[in-house]
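In what follows, a structure is listed as structure tokens, so that the remarks can point back to it.
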Amino acid sequence: MAAAIPANGQAAPMSKEERKVIFASSLGTVFEWYDFYLYGSLAAIISKQFFSGVNETAAFIFALMAFAAGFAVRPFGALVFGRLGDLIGRKYTFLVTILLMGASTFIVGILPNYATIGIAAPIILIVLRLVQGLALGGEYGGAATYVAEHAPMGKRGAYTAWIQTTATLGLFMSLLVILGTRQYVGEDAFADWGWRVPFLVSVLLLAISVWIRMQLSESPAFKKMKAEGKTSKAPLSEAFGQWKNLKVVILALFGLVAGQAVVWYTGQFYALFFLTQTLKVDGALANILIAISLILGTGFFVVFGVLSDKIGRKPIIMAGLLLAALTYFPIFKAITHYANPALEAALNNAPVKVVADPNACSFQFNPVGTAKFTRSCDLAKAFLARNSVNYENVAAPAGSVAMIKVGEKEIVAYEATGLPADEAKAKSAAFNKEITAAIREAGYPAKADSNAINKPMVVVLLLILVIYVTMVYGPIAAMLVEMFPTKIRYTSMSLPYHIGNGWFGGFLPTTSFAMVAANGNIYHGLWYPIVIALGTFVIGMLFVKETNHIDIFAND
């Protein structure tokens, strides 16, 4: 059984068994996140390998759709594996999740491409992505619950904080292996076959993780509950069919996890997206800058986990949410200043207008990449948003074709609805050429000048974003574990976590892009994480109670 606090009030030193538990759970979760991130990093190459039967644009769309599917099914994985974890135990369930995740990833590495086996290739790939998403939905809850139930009172925040470092380390490992392989084999070979290496390497990581996990015993809290005959016979019904438990699930989602998710995805994913897609920083350099900030910031997960044992989980998480919401705009504007000063100057000195019928403009939210936007307004706005051009929306008469004004120049867009593919392609090429020439003349750069980037300052700003991540994410595993009774803990904590991180967080980049395209300001997408973080802050402050004092052995 986990150690209790002795009479002198001091928790006992970490035992050898407890260190092994933390290492095994953290290591396994690092590998799982490594596997999961590989696909996102290599989406462009994978689209050419497995969706080559369609045009290049559609291929990339299908690849993104497969990636989104992994996020979408995570809550369902939480239900499936959460139920198993509460029925048969934590150890065996999160052993199954890592086997599924690792096997799926390895198979991607050996899967024949479209040119070899035709339509079967993309079908198998999407099935593998779904399996990975389901497995990831069960992994986090199992690892966090397992570690927390081994931890002594007064050290749950410190122990579970190591789990919180794993997503960052997994991302870092995937970037490192991809960059290393690219450098070693060269870009041409990497695009041809070298991209498979990071997927194949994961089987070694999987073998190590499974070997370690096989040596672990079941969690003390689950063994105690099972010995007393108190295990749940219907975890899903108890967790979500009884209001006393369901209301805690809802509070966990909207008072903790939704805000944590958007702060985490903004600090690690949207920051990278903003550097590469908005500021046009070279992809390899952007990855290096992100990686440095992650190395410098990852230790703060443990710092805030330890601090949460002393002053409480809630104050740290709420402070992180509030700080992020209040400072995102100045931080991202400063990143623009230091990463692409030429773009900053163009945004200030060369205003652009889109004159269009407001009723002909769509909100271009496209999380799975299947929608086609063919109206002239959508085509104009999407082009400007992709090229990081701020613009003002000006209403035009109903039924008119959209027009872009760059200084004194006026470029009329085109309606692609119903056009034959060849004609639409030709019009697109002509329009893109004309508007590209106009914005370049106005000073909008095609890409960031690497020599003009103030790299130390960019790293400092990225590090601040990572520290916000560590504040909201470091203590949250312990807090979620403490919110729920042992017999339905795995199920109850997994669902809000994966709805928050899979949906609120996972779809942040596409939502933010749609907001930028609709409004015309490259920073407008930040309102998405800011509003959710502030909403979570208010709900959390009003309704979520502190949990670090709770005895989870008695919480049955």
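Chain lettering (A, B, ...) mirrors the order of the structure tokens, residue numbering begins at 1 for each chain separately, and ligand numbering begins at 1 in order of display.
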If we count only C-alpha atoms and set the cut-off at 6 Å, which residues sit around range 466-475 of chain A, ignoring sequence neighbours fewer than 6 positions away in its own chain? Please answer as number ranges by chain. A: 157, 161, 164, 260, 263-264, 267, 297, 300-301, 304-305, 313, 316-317, 320
I'd like to know which residues of range 187-308 of chain A are helix (DSSP H, G or I) (by DSSP, run on the backbone); could you write them as a PyMOL selection string? chain A and resi 187-194+196-214+220-227+235-240+243-278+283-297+299-308
Please produce a file of those selected residues containing C-alpha atoms, as an mmCIF file, in the first residue's frame.
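What follows is the written file part-v8.cif:
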```cif
data_model
loop_
_atom_site.group_PDB
_atom_site.id
_atom_site.type_symbol
_atom_site.label_atom_id
_atom_site.label_comp_id
_atom_site.auth_asym_id
_atom_site.auth_seq_id
_atom_site.Cartn_x
_atom_site.Cartn_y
_atom_site.Cartn_z
ATOM 1 C CA GLU A 187 15.797 15.139 -47.991
ATOM 2 C CA ASP A 188 15.201 13.079 -51.157
ATOM 3 C CA ALA A 189 15.807 9.740 -49.457
ATOM 4 C CA PHE A 190 13.791 10.846 -46.429
ATOM 5 C CA ALA A 191 10.770 11.680 -48.598
ATOM 6 C CA ASP A 192 11.147 8.333 -50.427
ATOM 7 C CA TRP A 193 11.778 5.862 -47.600
ATOM 8 C CA GLY A 194 13.556 7.578 -44.691
ATOM 9 C CA ARG A 196 9.603 5.201 -42.186
ATOM 10 C CA VAL A 197 12.621 5.113 -39.845
ATOM 11 C CA PRO A 198 11.017 7.086 -36.956
ATOM 12 C CA PHE A 199 8.009 4.760 -37.076
ATOM 13 C CA LEU A 200 10.171 1.635 -37.097
ATOM 14 C CA VAL A 201 12.374 2.913 -34.252
ATOM 15 C CA SER A 202 9.304 3.019 -32.032
ATOM 16 C CA VAL A 203 9.271 -0.790 -31.791
ATOM 17 C CA LEU A 204 12.475 -0.658 -29.730
ATOM 18 C CA LEU A 205 10.947 1.928 -27.435
ATOM 19 C CA LEU A 206 7.830 -0.212 -27.169
ATOM 20 C CA ALA A 207 9.801 -3.320 -26.218
ATOM 21 C CA ILE A 208 11.590 -1.478 -23.396
ATOM 22 C CA SER A 209 8.363 0.000 -22.083
ATOM 23 C CA VAL A 210 6.439 -3.301 -22.129
ATOM 24 C CA TRP A 211 9.309 -5.129 -20.414
ATOM 25 C CA ILE A 212 9.345 -2.571 -17.596
ATOM 26 C CA ARG A 213 5.573 -2.480 -17.217
ATOM 27 C CA MET A 214 5.360 -6.272 -17.058
ATOM 28 C CA PRO A 220 -2.341 -0.499 -4.002
ATOM 29 C CA ALA A 221 -5.649 1.376 -4.047
ATOM 30 C CA PHE A 222 -7.168 -1.003 -6.614
ATOM 31 C CA LYS A 223 -5.877 -4.095 -4.775
ATOM 32 C CA LYS A 224 -7.330 -2.795 -1.507
ATOM 33 C CA MET A 225 -10.677 -2.050 -3.136
ATOM 34 C CA LYS A 226 -10.782 -5.459 -4.845
ATOM 35 C CA ALA A 227 -9.894 -7.272 -1.621
ATOM 36 C CA PRO A 235 -18.237 1.948 -14.139
ATOM 37 C CA LEU A 236 -19.880 3.816 -17.028
ATOM 38 C CA SER A 237 -23.315 3.838 -15.377
ATOM 39 C CA GLU A 238 -21.902 4.910 -12.031
ATOM 40 C CA ALA A 239 -19.632 7.588 -13.501
ATOM 41 C CA PHE A 240 -22.087 9.179 -15.913
ATOM 42 C CA TRP A 243 -25.693 12.980 -10.968
ATOM 43 C CA LYS A 244 -23.385 13.146 -7.952
ATOM 44 C CA ASN A 245 -20.568 11.733 -10.094
ATOM 45 C CA LEU A 246 -21.594 13.248 -13.426
ATOM 46 C CA LYS A 247 -21.548 16.798 -12.050
ATOM 47 C CA VAL A 248 -17.934 16.281 -10.950
ATOM 48 C CA VAL A 249 -17.071 15.060 -14.470
ATOM 49 C CA ILE A 250 -18.676 18.194 -15.935
ATOM 50 C CA LEU A 251 -16.850 20.427 -13.460
ATOM 51 C CA ALA A 252 -13.564 18.698 -14.257
ATOM 52 C CA LEU A 253 -14.094 19.396 -17.966
ATOM 53 C CA PHE A 254 -15.277 23.007 -17.853
ATOM 54 C CA GLY A 255 -13.611 24.114 -14.624
ATOM 55 C CA LEU A 256 -10.161 22.588 -15.256
ATOM 56 C CA VAL A 257 -9.398 20.611 -18.400
ATOM 57 C CA ALA A 258 -10.854 22.793 -21.186
ATOM 58 C CA GLY A 259 -8.668 25.722 -20.141
ATOM 59 C CA GLN A 260 -5.653 23.507 -19.488
ATOM 60 C CA ALA A 261 -6.029 22.017 -22.969
ATOM 61 C CA VAL A 262 -6.085 25.296 -24.880
ATOM 62 C CA VAL A 263 -3.172 26.705 -22.886
ATOM 63 C CA TRP A 264 -1.183 23.523 -23.540
ATOM 64 C CA TYR A 265 -1.955 23.426 -27.279
ATOM 65 C CA THR A 266 -1.316 27.159 -27.655
ATOM 66 C CA GLY A 267 2.053 26.915 -25.916
ATOM 67 C CA GLN A 268 3.337 23.907 -27.837
ATOM 68 C CA PHE A 269 1.333 23.429 -31.046
ATOM 69 C CA TYR A 270 -0.141 26.786 -31.975
ATOM 70 C CA ALA A 271 3.190 28.475 -31.243
ATOM 71 C CA LEU A 272 4.857 26.180 -33.808
ATOM 72 C CA PHE A 273 1.977 26.686 -36.254
ATOM 73 C CA PHE A 274 2.250 30.467 -35.793
ATOM 74 C CA LEU A 275 6.005 30.455 -36.407
ATOM 75 C CA THR A 276 5.873 28.309 -39.547
ATOM 76 C CA GLN A 277 2.518 29.155 -41.138
ATOM 77 C CA THR A 278 1.959 32.763 -40.076
ATOM 78 C CA GLY A 283 10.364 24.727 -40.483
ATOM 79 C CA ALA A 284 13.619 23.216 -39.255
ATOM 80 C CA LEU A 285 14.609 26.418 -37.442
ATOM 81 C CA ALA A 286 11.136 26.758 -35.884
ATOM 82 C CA ASN A 287 11.330 23.182 -34.603
ATOM 83 C CA ILE A 288 14.759 23.873 -33.089
ATOM 84 C CA LEU A 289 13.497 27.032 -31.331
ATOM 85 C CA ILE A 290 10.495 25.125 -29.952
ATOM 86 C CA ALA A 291 12.730 22.235 -28.872
ATOM 87 C CA ILE A 292 15.080 24.568 -26.961
ATOM 88 C CA SER A 293 12.151 26.165 -25.142
ATOM 89 C CA LEU A 294 10.821 22.707 -24.243
ATOM 90 C CA ILE A 295 14.202 21.599 -22.862
ATOM 91 C CA LEU A 296 14.433 24.734 -20.737
ATOM 92 C CA GLY A 297 10.822 24.592 -19.561
ATOM 93 C CA GLY A 299 11.483 20.855 -15.449
ATOM 94 C CA PHE A 300 8.777 23.306 -14.370
ATOM 95 C CA PHE A 301 6.187 20.514 -14.634
ATOM 96 C CA VAL A 302 7.801 18.931 -11.575
ATOM 97 C CA VAL A 303 8.345 22.312 -9.881
ATOM 98 C CA PHE A 304 4.651 23.138 -10.032
ATOM 99 C CA GLY A 305 3.666 19.556 -9.175
ATOM 100 C CA VAL A 306 5.731 19.759 -5.980
ATOM 101 C CA LEU A 307 4.396 23.243 -5.217
ATOM 102 C CA SER A 308 0.821 21.999 -5.628
#
```
Shell of 6 Å around range 401-416 of chain A, only C-alpha atoms, local chain residues under 2 positions omitted, as a PyMOL selection string: chain A and resi 352-356+374-377+419+424
DSSP on the backbone: which residues in range 294-415 of chain A end up as strand (DSSP E or B)? Give the answer as a PDB file with N, CA, C and O atoms, in the first residue's frame.
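Dumped everything to out_33.pdb:
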```pdb
ATOM      1  N   VAL A 352      -4.628  46.377 -46.108  1.00  0.00           N
ATOM      2  CA  VAL A 352      -5.295  45.666 -47.192  1.00  0.00           C
ATOM      3  C   VAL A 352      -6.786  45.588 -46.860  1.00  0.00           C
ATOM      4  O   VAL A 352      -7.161  45.464 -45.689  1.00  0.00           O
ATOM      5  N   LYS A 353      -7.632  45.658 -47.884  1.00  0.00           N
ATOM      6  CA  LYS A 353      -9.076  45.563 -47.681  1.00  0.00           C
ATOM      7  C   LYS A 353      -9.652  44.445 -48.539  1.00  0.00           C
ATOM      8  O   LYS A 353      -9.195  44.213 -49.660  1.00  0.00           O
ATOM      9  N   VAL A 354     -10.651  43.737 -47.986  1.00  0.00           N
ATOM     10  CA  VAL A 354     -11.420  42.769 -48.760  1.00  0.00           C
ATOM     11  C   VAL A 354     -12.833  43.330 -48.891  1.00  0.00           C
ATOM     12  O   VAL A 354     -13.540  43.494 -47.894  1.00  0.00           O
ATOM     13  N   VAL A 355     -13.214  43.651 -50.118  1.00  0.00           N
ATOM     14  CA  VAL A 355     -14.545  44.195 -50.391  1.00  0.00           C
ATOM     15  C   VAL A 355     -15.409  43.044 -50.900  1.00  0.00           C
ATOM     16  O   VAL A 355     -15.169  42.509 -51.988  1.00  0.00           O
ATOM     17  N   ALA A 356     -16.393  42.648 -50.104  1.00  0.00           N
ATOM     18  CA  ALA A 356     -17.168  41.457 -50.455  1.00  0.00           C
ATOM     19  C   ALA A 356     -18.557  41.519 -49.838  1.00  0.00           C
ATOM     20  O   ALA A 356     -18.789  42.215 -48.844  1.00  0.00           O
ATOM     21  N   GLU A 392      -8.914  44.531 -43.731  1.00  0.00           N
ATOM     22  CA  GLU A 392     -10.156  45.079 -43.208  1.00  0.00           C
ATOM     23  C   GLU A 392     -11.301  44.587 -44.075  1.00  0.00           C
ATOM     24  O   GLU A 392     -11.196  44.558 -45.308  1.00  0.00           O
ATOM     25  N   ASN A 393     -12.398  44.181 -43.449  1.00  0.00           N
ATOM     26  CA  ASN A 393     -13.573  43.740 -44.194  1.00  0.00           C
ATOM     27  C   ASN A 393     -14.437  44.943 -44.564  1.00  0.00           C
ATOM     28  O   ASN A 393     -14.800  45.742 -43.698  1.00  0.00           O
ATOM     29  N   VAL A 394     -14.761  45.080 -45.848  1.00  0.00           N
ATOM     30  CA  VAL A 394     -15.630  46.153 -46.330  1.00  0.00           C
ATOM     31  C   VAL A 394     -16.819  45.517 -47.040  1.00  0.00           C
ATOM     32  O   VAL A 394     -16.637  44.683 -47.940  1.00  0.00           O
ATOM     33  N   ALA A 395     -18.020  45.884 -46.633  1.00  0.00           N
ATOM     34  CA  ALA A 395     -19.226  45.294 -47.219  1.00  0.00           C
ATOM     35  C   ALA A 395     -19.428  45.780 -48.651  1.00  0.00           C
ATOM     36  O   ALA A 395     -19.247  46.966 -48.963  1.00  0.00           O
ATOM     37  N   MET A 403     -13.356  41.510 -53.962  1.00  0.00           N
ATOM     38  CA  MET A 403     -12.197  42.209 -54.516  1.00  0.00           C
ATOM     39  C   MET A 403     -11.224  42.519 -53.377  1.00  0.00           C
ATOM     40  O   MET A 403     -11.634  42.815 -52.256  1.00  0.00           O
ATOM     41  N   ILE A 404      -9.917  42.413 -53.666  1.00  0.00           N
ATOM     42  CA  ILE A 404      -8.879  42.742 -52.691  1.00  0.00           C
ATOM     43  C   ILE A 404      -8.225  44.050 -53.103  1.00  0.00           C
ATOM     44  O   ILE A 404      -7.818  44.218 -54.264  1.00  0.00           O
ATOM     45  N   LYS A 405      -8.123  44.995 -52.151  1.00  0.00           N
ATOM     46  CA  LYS A 405      -7.433  46.259 -52.392  1.00  0.00           C
ATOM     47  C   LYS A 405      -6.119  46.277 -51.628  1.00  0.00           C
ATOM     48  O   LYS A 405      -6.111  46.159 -50.404  1.00  0.00           O
ATOM     49  N   VAL A 406      -5.038  46.392 -52.344  1.00  0.00           N
ATOM     50  CA  VAL A 406      -3.705  46.518 -51.747  1.00  0.00           C
ATOM     51  C   VAL A 406      -3.181  47.879 -52.147  1.00  0.00           C
ATOM     52  O   VAL A 406      -2.720  48.086 -53.273  1.00  0.00           O
ATOM     53  N   LYS A 409      -4.001  49.309 -55.664  1.00  0.00           N
ATOM     54  CA  LYS A 409      -4.295  48.203 -56.576  1.00  0.00           C
ATOM     55  C   LYS A 409      -5.568  47.482 -56.176  1.00  0.00           C
ATOM     56  O   LYS A 409      -5.834  47.280 -54.992  1.00  0.00           O
ATOM     57  N   GLU A 410      -6.334  47.071 -57.184  1.00  0.00           N
ATOM     58  CA  GLU A 410      -7.559  46.314 -56.951  1.00  0.00           C
ATOM     59  C   GLU A 410      -7.489  45.012 -57.728  1.00  0.00           C
ATOM     60  O   GLU A 410      -7.327  45.010 -58.946  1.00  0.00           O
ATOM     61  N   ILE A 411      -7.605  43.890 -57.005  1.00  0.00           N
ATOM     62  CA  ILE A 411      -7.543  42.573 -57.642  1.00  0.00           C
ATOM     63  C   ILE A 411      -8.883  41.890 -57.427  1.00  0.00           C
ATOM     64  O   ILE A 411      -9.290  41.640 -56.277  1.00  0.00           O
ATOM     65  N   VAL A 412      -9.568  41.599 -58.496  1.00  0.00           N
ATOM     66  CA  VAL A 412     -10.890  40.973 -58.412  1.00  0.00           C
ATOM     67  C   VAL A 412     -10.717  39.462 -58.295  1.00  0.00           C
ATOM     68  O   VAL A 412      -9.948  38.853 -59.062  1.00  0.00           O
TER      69      VAL A 412
END
```
At most 12 Å is the cut-off: for each residue in range 464-544 of chain A with any atom that close to an atom of range 334-344 of chain A, write down the nearest atom pair and the distance in Å rounded to one decimal, counting only C-alpha atoms, chain first then increasing number, as a Markdown table.
```
| residue | atom | partner | partner_atom | distance |
| --- | --- | --- | --- | --- |
| A:Ile464 | CA | A:Ile335 | CA | 11.4 |
| A:Leu465 | CA | A:Ile335 | CA | 11.1 |
| A:Ile522 | CA | A:Thr336 | CA | 10.2 |
| A:Tyr523 | CA | A:Thr336 | CA | 10.1 |
```
Please compute the CA of Gly82 in chain A-CA of Ile476 in chain A distance, one decimal, in Å.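 Taking CA of Gly82 in chain A as the start and CA of Ile476 in chain A as the end point, the length is 17.7 Å.
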Using Å and a single decimal, report how far CA of Thr181 in chain A sits from CA of Leu95 in chain A.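 Atom-to-atom, CA of Leu95 in chain A and CA of Thr181 in chain A are spaced 29.1 Å apart.
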Closest to Gly142 in chain A among A:Ser494, A:Ser52, A:Asn348, A:Ser41, using only C-alpha atoms? A:Ser494
When you look at Tyr34 in chain A with a cut-off of 7 Å (counting only C-alpha atoms), what residues show up, excluding the ones that are within fewer than 2 positions of it in the same chain? I need them as a count of residues only. 10
Counting only C-alpha atoms, the option among A:Lys333, A:Arg74, A:Lys233, A:Lys48 closest to His524 in chain A: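 Among the listed residues, the smallest separation from His524 in chain A belongs to A:Lys333.
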Please list as a list of chain:residue names every residue within 10 Å of Phe71 in chain A, counting only C-alpha atoms and excluding residues in the same chain fewer than 5 positions away. A:Phe36, A:Ala66, A:Arg129, A:Leu130, A:Gln132, A:Gly133, A:Leu134, A:Leu136, A:Gly137, A:His498, A:Ile499, A:Asn501, A:Gly502, A:Trp503, A:Gly505, A:Gly506, A:Phe507
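You can rank A:Ala350, A:Val389, A:Val131, A:Val460 by their closest distance to Leu279 in chain A using only C-alpha atoms, and at the top of that list sits A:Val389.
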Select, from A:Ile311, A:Ala360, A:Ala324, A:Ala167, the residue with the minimum atom-to-atom distance to Thr547 in chain A, counting only C-alpha atoms. A:Ile311
Give me the residues near His549 in chain A as a compact mmCIF listing (two decimals) with all heavy atoms, in the first residue's frame, where near means some atom within 12 Å (using only C-alpha atoms) and where sequence neighbours in that chain fewer than 5 positions away do not count.
```
# COMPACT_ATOMS: atom_id res chain seq x y z
N ILE A 5 1.44 9.57 5.60
CA ILE A 5 2.29 10.55 6.28
C ILE A 5 2.51 10.10 7.71
O ILE A 5 1.57 9.86 8.46
CB ILE A 5 1.63 11.94 6.26
CG1 ILE A 5 1.51 12.43 4.81
CG2 ILE A 5 2.41 12.93 7.07
CD1 ILE A 5 0.88 13.79 4.67
N PRO A 152 2.57 8.51 -1.88
CA PRO A 152 2.18 8.79 -0.50
C PRO A 152 1.42 10.10 -0.41
O PRO A 152 1.55 10.97 -1.27
CB PRO A 152 3.52 8.88 0.24
CG PRO A 152 4.49 9.28 -0.81
CD PRO A 152 4.01 8.67 -2.10
N MET A 153 0.63 10.24 0.63
CA MET A 153 -0.05 11.51 0.90
C MET A 153 1.00 12.61 0.99
O MET A 153 2.07 12.43 1.57
CB MET A 153 -0.80 11.43 2.22
CG MET A 153 -2.18 10.77 2.12
SD MET A 153 -3.40 11.83 1.32
CE MET A 153 -3.68 13.05 2.59
N GLY A 154 0.67 13.74 0.40
CA GLY A 154 1.59 14.87 0.45
C GLY A 154 2.58 14.90 -0.69
O GLY A 154 3.36 15.84 -0.80
N LYS A 155 2.58 13.86 -1.56
CA LYS A 155 3.54 13.84 -2.67
C LYS A 155 2.89 13.44 -4.00
O LYS A 155 3.60 13.17 -4.96
CB LYS A 155 4.70 12.90 -2.36
CG LYS A 155 5.66 13.45 -1.32
CD LYS A 155 6.98 12.70 -1.33
CE LYS A 155 7.99 13.37 -0.40
NZ LYS A 155 9.30 12.67 -0.42
N ARG A 156 1.56 13.41 -4.03
CA ARG A 156 0.90 13.01 -5.28
C ARG A 156 1.19 14.00 -6.41
O ARG A 156 1.36 13.60 -7.57
CB ARG A 156 -0.60 12.85 -5.08
CG ARG A 156 -1.00 11.49 -4.51
CD ARG A 156 -2.48 11.25 -4.66
NE ARG A 156 -3.27 12.23 -3.92
CZ ARG A 156 -3.66 12.09 -2.66
NH1 ARG A 156 -3.31 11.00 -1.99
NH2 ARG A 156 -4.37 13.01 -2.05
N GLY A 157 1.20 15.28 -6.10
CA GLY A 157 1.52 16.28 -7.13
C GLY A 157 2.91 16.10 -7.68
O GLY A 157 3.14 16.16 -8.89
N SER A 308 2.25 22.26 -5.83
CA SER A 308 0.82 22.00 -5.63
C SER A 308 0.56 21.14 -4.40
O SER A 308 -0.53 21.19 -3.82
CB SER A 308 0.22 21.34 -6.87
OG SER A 308 0.57 19.96 -6.96
N ASP A 309 1.55 20.33 -3.99
CA ASP A 309 1.41 19.56 -2.75
C ASP A 309 1.46 20.47 -1.53
O ASP A 309 0.91 20.15 -0.48
CB ASP A 309 2.53 18.52 -2.64
CG ASP A 309 2.35 17.35 -3.60
OD1 ASP A 309 1.20 16.96 -3.85
OD2 ASP A 309 3.37 16.84 -4.10
N LYS A 310 2.10 21.61 -1.69
CA LYS A 310 2.30 22.51 -0.55
C LYS A 310 1.20 23.57 -0.45
O LYS A 310 0.66 23.83 0.63
CB LYS A 310 3.67 23.18 -0.64
CG LYS A 310 4.83 22.18 -0.68
CD LYS A 310 6.16 22.90 -0.75
CE LYS A 310 7.31 21.92 -0.91
NZ LYS A 310 7.40 20.96 0.19
N ILE A 311 0.87 24.20 -1.59
CA ILE A 311 -0.10 25.32 -1.53
C ILE A 311 -1.43 24.99 -2.19
O ILE A 311 -2.36 25.79 -2.12
CB ILE A 311 0.49 26.60 -2.17
CG1 ILE A 311 0.64 26.42 -3.69
CG2 ILE A 311 1.82 26.97 -1.54
CD1 ILE A 311 0.98 27.71 -4.42
N GLY A 312 -1.54 23.83 -2.84
CA GLY A 312 -2.78 23.45 -3.49
C GLY A 312 -2.66 23.41 -5.00
O GLY A 312 -1.85 24.13 -5.60
N ARG A 313 -3.47 22.54 -5.62
CA ARG A 313 -3.46 22.43 -7.09
C ARG A 313 -4.18 23.62 -7.74
O ARG A 313 -3.73 24.19 -8.71
CB ARG A 313 -4.18 21.16 -7.56
CG ARG A 313 -4.12 19.96 -6.63
CD ARG A 313 -2.84 19.22 -6.70
NE ARG A 313 -2.93 17.98 -5.92
CZ ARG A 313 -1.93 17.47 -5.24
NH1 ARG A 313 -0.76 18.08 -5.23
NH2 ARG A 313 -2.05 16.34 -4.57
N LYS A 314 -5.32 23.97 -7.16
CA LYS A 314 -6.20 24.95 -7.78
C LYS A 314 -5.54 26.32 -7.98
O LYS A 314 -5.64 26.89 -9.07
CB LYS A 314 -7.47 25.09 -6.95
CG LYS A 314 -8.47 26.11 -7.49
CD LYS A 314 -9.74 26.13 -6.65
CE LYS A 314 -10.64 27.29 -7.03
NZ LYS A 314 -11.89 27.31 -6.25
N ALA A 478 -2.81 14.91 -10.67
CA ALA A 478 -3.12 14.64 -9.26
C ALA A 478 -4.52 15.13 -8.90
O ALA A 478 -5.28 14.45 -8.20
CB ALA A 478 -2.08 15.30 -8.36
N MET A 479 -4.89 16.30 -9.40
CA MET A 479 -6.18 16.87 -9.07
C MET A 479 -7.32 16.04 -9.64
O MET A 479 -8.34 15.80 -8.97
CB MET A 479 -6.28 18.31 -9.57
CG MET A 479 -7.46 19.08 -9.00
SD MET A 479 -7.27 20.86 -9.17
CE MET A 479 -8.64 21.40 -8.12
N GLU A 482 -7.77 12.88 -7.62
CA GLU A 482 -8.34 13.15 -6.30
C GLU A 482 -9.82 13.52 -6.35
O GLU A 482 -10.52 13.44 -5.34
CB GLU A 482 -7.55 14.27 -5.63
CG GLU A 482 -6.13 13.85 -5.25
CD GLU A 482 -5.18 15.02 -5.07
OE1 GLU A 482 -5.55 16.17 -5.40
OE2 GLU A 482 -4.04 14.78 -4.60
N MET A 483 -10.31 13.90 -7.51
CA MET A 483 -11.70 14.34 -7.62
C MET A 483 -12.69 13.17 -7.63
O MET A 483 -13.89 13.37 -7.40
CB MET A 483 -11.90 15.19 -8.89
CG MET A 483 -11.26 16.55 -8.83
SD MET A 483 -11.46 17.52 -10.34
CE MET A 483 -13.16 18.05 -10.19
N ALA A 554 -9.40 6.50 1.14
CA ALA A 554 -10.68 6.57 1.84
C ALA A 554 -11.78 7.05 0.91
O ALA A 554 -12.95 6.99 1.25
CB ALA A 554 -10.57 7.52 3.03
N ASN A 555 -11.37 7.53 -0.28
CA ASN A 555 -12.34 8.14 -1.20
C ASN A 555 -12.96 7.09 -2.10
O ASN A 555 -12.77 7.07 -3.29
CB ASN A 555 -11.61 9.21 -2.05
CG ASN A 555 -12.56 10.02 -2.89
OD1 ASN A 555 -13.74 10.15 -2.57
ND2 ASN A 555 -12.04 10.58 -3.98
```
Proximity to Tyr114 in chain A - best of A:Phe51, A:Tyr497, A:Tyr184, A:Phe383, only C-alpha atoms: A:Phe51
